[in-house]
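Colleague: start_35.cif is the file, holding mmCIF, C-alpha atoms:
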data_run
loop_
_atom_site.group_PDB
_atom_site.id
_atom_site.type_symbol
_atom_site.label_atom_id
_atom_site.label_comp_id
_atom_site.auth_asym_id
_atom_site.auth_seq_id
_atom_site.Cartn_x
_atom_site.Cartn_y
_atom_site.Cartn_z
ATOM 1 C CA MET M 24 189.806 98.258 173.344
ATOM 2 C CA ARG M 25 189.103 94.699 174.439
ATOM 3 C CA ASN M 26 185.725 94.758 172.684
ATOM 4 C CA LEU M 27 187.349 95.978 169.477
ATOM 5 C CA VAL M 28 189.884 93.130 169.558
ATOM 6 C CA LEU M 29 187.098 90.569 170.149
ATOM 7 C CA PHE M 30 185.023 92.076 167.327
ATOM 8 C CA ILE M 31 187.963 91.886 164.902
ATOM 9 C CA PHE M 32 188.755 88.296 165.962
ATOM 10 C CA PHE M 33 185.182 87.097 165.431
ATOM 11 C CA THR M 34 184.873 88.976 162.153
ATOM 12 C CA ILE M 35 188.040 87.381 160.775
ATOM 13 C CA SER M 36 186.994 83.944 162.069
ATOM 14 C CA SER M 37 183.565 84.254 160.454
ATOM 15 C CA PHE M 38 185.083 85.417 157.177
ATOM 16 C CA ASN M 39 187.491 82.451 157.107
ATOM 17 C CA PHE M 40 184.650 80.043 157.873
ATOM 18 C CA LEU M 41 182.572 81.396 154.999
ATOM 19 C CA LEU M 42 185.475 81.153 152.555
ATOM 20 C CA ALA M 43 186.168 77.549 153.572
ATOM 21 C CA GLN M 44 182.673 76.368 152.596
ATOM 22 C CA ASP M 45 182.491 74.190 149.494
ATOM 23 C CA ASN M 46 180.083 75.031 146.738
ATOM 24 C CA SER M 47 176.832 73.115 147.066
ATOM 25 C CA LEU M 48 173.330 73.217 145.684
ATOM 26 C CA THR M 49 170.076 71.376 146.300
ATOM 27 C CA ILE M 50 167.644 70.652 143.475
ATOM 28 C CA LYS M 51 164.279 68.891 143.381
ATOM 29 C CA THR M 52 163.663 65.638 141.528
ATOM 30 C CA ILE M 53 160.483 64.745 139.632
ATOM 31 C CA ASN M 54 159.175 63.162 142.875
ATOM 32 C CA GLU M 55 159.876 66.393 144.827
ATOM 33 C CA ARG M 56 162.788 64.831 146.681
ATOM 34 C CA GLU M 57 166.048 66.652 147.242
ATOM 35 C CA LEU M 58 169.221 65.889 145.329
ATOM 36 C CA LYS M 59 172.245 67.675 146.774
ATOM 37 C CA ILE M 60 175.349 68.451 144.754
ATOM 38 C CA TYR M 61 178.666 69.259 146.448
ATOM 39 C CA LYS M 62 182.033 70.200 145.008
ATOM 40 C CA GLY M 63 184.908 68.232 146.521
ATOM 41 C CA ASN M 64 187.920 69.800 148.173
ATOM 42 C CA SER M 65 190.179 68.642 145.346
ATOM 43 C CA ASN M 66 188.178 70.750 142.822
ATOM 44 C CA VAL M 67 187.968 67.790 140.413
ATOM 45 C CA ASN M 68 185.116 65.856 142.040
ATOM 46 C CA ILE M 69 181.413 66.403 142.529
ATOM 47 C CA PHE M 70 179.314 64.460 145.013
ATOM 48 C CA PHE M 71 175.630 63.701 144.521
ATOM 49 C CA GLU M 72 173.573 62.932 147.617
ATOM 50 C CA PHE M 73 170.152 61.468 146.899
ATOM 51 C CA CYS M 74 167.408 59.139 148.087
ATOM 52 C CA ASP M 75 167.171 55.637 146.660
ATOM 53 C CA SER M 76 164.402 55.767 144.033
ATOM 54 C CA SER M 77 163.280 52.207 144.776
ATOM 55 C CA ASN M 78 161.687 53.312 148.059
ATOM 56 C CA LEU M 79 159.570 56.464 147.771
ATOM 57 C CA LYS M 80 158.159 56.224 151.325
ATOM 58 C CA SER M 81 161.482 56.667 153.102
ATOM 59 C CA CYS M 82 164.799 58.154 152.134
ATOM 60 C CA ASN M 83 167.810 55.878 152.183
ATOM 61 C CA THR M 84 170.525 58.423 151.469
ATOM 62 C CA ASN M 85 173.246 57.510 149.011
ATOM 63 C CA VAL M 86 176.284 59.429 147.817
ATOM 64 C CA ILE M 87 178.002 59.095 144.447
ATOM 65 C CA LYS M 88 181.314 60.716 143.541
ATOM 66 C CA PHE M 89 181.861 61.785 139.944
ATOM 67 C CA ASP M 90 185.289 62.830 138.763
ATOM 68 C CA LEU M 91 185.994 64.861 135.622
ATOM 69 C CA ARG M 92 184.911 61.985 133.343
ATOM 70 C CA GLY M 93 181.438 61.990 134.876
ATOM 71 C CA ILE M 94 181.187 65.771 134.994
ATOM 72 C CA VAL M 95 182.082 66.061 131.301
ATOM 73 C CA ASN M 96 179.408 63.497 130.424
ATOM 74 C CA ILE M 97 176.761 65.414 132.368
ATOM 75 C CA LEU M 98 177.736 68.739 130.813
ATOM 76 C CA ASP M 99 177.810 67.322 127.265
ATOM 77 C CA ASN M 100 174.916 68.949 125.370
ATOM 78 C CA LYS M 101 174.681 66.268 122.670
ATOM 79 C CA GLU M 102 171.290 64.626 122.555
ATOM 80 C CA LYS M 103 171.636 61.072 123.804
ATOM 81 C CA PHE M 104 169.356 58.367 125.165
ATOM 82 C CA GLY M 105 169.921 55.237 127.181
ATOM 83 C CA LYS M 106 172.564 54.224 129.694
ATOM 84 C CA ILE M 107 176.041 55.675 129.612
ATOM 85 C CA ASN M 108 178.523 53.870 131.859
ATOM 86 C CA ILE M 109 181.266 56.090 133.196
ATOM 87 C CA GLN M 110 184.289 54.134 134.329
ATOM 88 C CA GLU M 111 184.766 54.242 138.120
ATOM 89 C CA ASN M 112 181.882 56.716 138.532
ATOM 90 C CA GLY M 113 178.545 55.080 137.849
ATOM 91 C CA THR M 114 175.929 55.281 135.112
ATOM 92 C CA LEU M 115 173.839 58.081 133.638
ATOM 93 C CA VAL M 116 170.426 57.130 132.264
ATOM 94 C CA TYR M 117 169.120 59.602 129.677
ATOM 95 C CA ARG M 118 165.464 59.388 128.699
ATOM 96 C CA GLU M 119 163.719 60.704 125.583
ATOM 97 C CA ASN M 120 161.528 63.027 127.665
ATOM 98 C CA GLY M 121 164.547 65.147 128.680
ATOM 99 C CA THR M 122 165.167 63.571 132.072
ATOM 100 C CA ILE M 123 168.137 61.805 133.615
ATOM 101 C CA SER M 124 168.928 59.638 136.618
ATOM 102 C CA ILE M 125 172.214 58.617 138.195
ATOM 103 C CA ILE M 126 173.030 55.029 139.140
ATOM 104 C CA SER M 127 175.815 54.238 141.570
ATOM 105 C CA ILE M 128 178.357 51.490 140.949
ATOM 106 C CA ALA M 129 176.369 49.443 143.491
ATOM 107 C CA GLY M 130 173.260 49.807 141.292
ATOM 108 C CA ILE M 131 171.302 52.303 143.410
ATOM 109 C CA GLU M 132 169.366 54.720 141.198
ATOM 110 C CA SER M 133 168.445 58.309 141.991
ATOM 111 C CA ASP M 134 165.062 59.827 141.313
ATOM 112 C CA ILE M 135 164.559 61.244 137.840
ATOM 113 C CA ILE M 136 165.733 64.831 137.293
ATOM 114 C CA GLU M 137 165.268 67.163 134.363
ATOM 115 C CA THR M 138 168.523 67.037 132.398
ATOM 116 C CA LYS M 139 168.723 70.815 131.920
ATOM 117 C CA ILE M 140 168.308 71.445 135.646
ATOM 118 C CA LEU M 141 171.044 68.926 136.488
ATOM 119 C CA ARG M 142 173.426 70.395 133.876
ATOM 120 C CA ASP M 143 172.833 73.955 135.069
ATOM 121 C CA SER M 144 173.296 72.916 138.693
ATOM 122 C CA VAL M 145 176.544 71.045 137.999
ATOM 123 C CA LYS M 146 177.859 74.096 136.107
ATOM 124 C CA GLU M 147 176.964 76.374 139.001
ATOM 125 C CA VAL M 148 178.582 74.159 141.628
ATOM 126 C CA PHE M 149 181.659 73.124 139.663
ATOM 127 C CA PHE M 150 182.537 76.437 138.053
#
Show this structure as structure tokens.
Modeller:
Amino acid sequence: MRNLVLFIFFTISSFNFLLAQDNSLTIKTINERELKIYKGNSNVNIFFEFCDSSNLKSCNTNVIKFDLRGIVNILDNKEKFGKINIQENGTLVYRENGTISIISIAGIESDIIETKILRDSVKEVFF
């Protein structure tokens, strides 16, 4: 009986732990570095964790938070090129070759990512 109670307790605890995990995903940049995407607890924010692109030999990890304004801009399928500043989020840099990078408010730029991969990943994590 005691073993059954312990089994049920650990099963319920494990189940609750798994349900409490936020959605996250890791994608590769053009330079084969990882860019991690996390959904915030408030369900209106996404966090991007990436290495500073100015130093390819070591990874200085940076985190950028995008709210709904930034998420909508990433998910927008309209063809656009150049820098798009997103108030209180950062900047998206779209290139003609179908790639994108994210720049923090402090000016730290992520490695280049394929735009389609970033859009699909944000959709998967956010929705």
Colleague: Name all residues at most 12 Å from Glu55 of chain M (count only C-alpha atoms; drop same-chain ones fewer than 4 positions away) and give them as a list of chain:residue names.
Modeller: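 Near neighbours after the sequence-gap exclusion: M:Thr49, M:Ile50, M:Lys51, M:Phe73, M:Cys74, M:Ser76, M:Leu79, M:Asp134, M:Ile135, M:Ile136, M:Glu137.
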Colleague: I need the residue set behind the PyMOL selection byres ((chain M and resi 146) around 12) for this file; please write it as a compact mmCIF listing (two decimals) with C-alpha atoms, keeping the file's coordinate frame.
Modeller:
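Result file follows (result-v1.txt):
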# COMPACT_ATOMS: atom_id res chain seq x y z
CA ASN M 46 180.08 75.03 146.74
CA SER M 47 176.83 73.11 147.07
CA LEU M 48 173.33 73.22 145.68
CA ILE M 60 175.35 68.45 144.75
CA TYR M 61 178.67 69.26 146.45
CA LYS M 62 182.03 70.20 145.01
CA ILE M 69 181.41 66.40 142.53
CA ILE M 94 181.19 65.77 134.99
CA VAL M 95 182.08 66.06 131.30
CA ILE M 97 176.76 65.41 132.37
CA LEU M 98 177.74 68.74 130.81
CA ASP M 99 177.81 67.32 127.26
CA LYS M 139 168.72 70.82 131.92
CA ILE M 140 168.31 71.44 135.65
CA LEU M 141 171.04 68.93 136.49
CA ARG M 142 173.43 70.40 133.88
CA ASP M 143 172.83 73.96 135.07
CA SER M 144 173.30 72.92 138.69
CA VAL M 145 176.54 71.04 138.00
CA GLU M 147 176.96 76.37 139.00
CA VAL M 148 178.58 74.16 141.63
CA PHE M 149 181.66 73.12 139.66
CA PHE M 150 182.54 76.44 138.05
Colleague: What does the distance from atom CA of Arg118 of chain M to atom CA of Glu102 of chain M come to in Å, to one decimal?
Modeller: 10.0 Å
Colleague: Hey, can you check how far atom CA of Lys103 of chain M sits from atom CA of Ile125 of chain M?
Modeller: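 Here the two named atoms are 14.6 Å from each other.
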Colleague: Could you work out how far atom CA of Asn100 of chain M lies from atom CA of Tyr117 of chain M, giving the answer in Å with one decimal?
Modeller: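 These two atoms are separated by 11.8 Å.
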Colleague: Which one of M:Val67, M:Leu91, M:Val86, M:Ile53 sits closest to Ile128 of chain M if you count all atoms listed in the file?
Modeller: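 Closest candidate: M:Val86.
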Colleague: Produce a table with one row for each residue of segment 40-94 of chain M that has an atom at most 9 Å from any atom of segment 111-116 of chain M, each row naming the nearest atom pair and its distance in Å at one decimal; use all atoms listed in the file; arrange rows by chain and rising residue number; format as JSON lines.
Modeller:
{"residue": "M:Ile87", "atom": "CA", "partner": "M:Asn112", "partner_atom": "CA", "distance": 7.5}
{"residue": "M:Lys88", "atom": "CA", "partner": "M:Asn112", "partner_atom": "CA", "distance": 6.4}
{"residue": "M:Phe89", "atom": "CA", "partner": "M:Asn112", "partner_atom": "CA", "distance": 5.3}
{"residue": "M:Asp90", "atom": "CA", "partner": "M:Asn112", "partner_atom": "CA", "distance": 7.0}
{"residue": "M:Arg92", "atom": "CA", "partner": "M:Asn112", "partner_atom": "CA", "distance": 8.0}
{"residue": "M:Gly93", "atom": "CA", "partner": "M:Asn112", "partner_atom": "CA", "distance": 6.4}
Colleague: For Asn96 of chain M, which residue among M:Ser65, M:Thr138, M:Lys80, M:Glu119 is the nearest when counting all atoms listed in the file?
Modeller: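 Of M:Ser65, M:Thr138, M:Lys80, M:Glu119, the one nearest Asn96 of chain M is M:Thr138, counting all atoms listed in the file.
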Colleague: Measuring atom to atom with only C-alpha atoms, identify which of M:Asn120, M:Gln110, M:Asn66, M:Asn54 is nearest to Asn78 of chain M.
Modeller: M:Asn54
Colleague: Draw an axis-aligned box tight on the listed atoms of segment 97-110 of chain M, then pad every side by 8 Å and write out centre and edge lengths in Å to one decimal as JSON.
Modeller:
{"center_x": 176.8, "center_y": 61.4, "center_z": 128.4, "size_x": 30.9, "size_y": 31.1, "size_z": 27.8}
Colleague: Let me make sure I understand: among M:Asp75, M:Asn64, M:Cys82, M:Ile107, which one has the smallest atom-to-atom distance to Gly130 of chain M if we use all atoms listed in the file?
Modeller: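 For Gly130 of chain M, the nearest of the given residues is M:Asp75.
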Colleague: Considering all atoms listed in the file, can you say which of M:Lys59, M:Ser133, M:Ile126, M:Gly121 comes closest to Lys101 of chain M?
Modeller: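 When distances to Lys101 of chain M are compared using all atoms listed in the file, the smallest one comes from M:Gly121.
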Colleague: Could you check the closest approach to Ile109 of chain M for each of M:Thr84, M:Gly63, M:Thr122, M:Ser127 and tell me which residue wins, using only C-alpha atoms?
Modeller: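 When distances to Ile109 of chain M are compared using only C-alpha atoms, the smallest one comes from M:Ser127.
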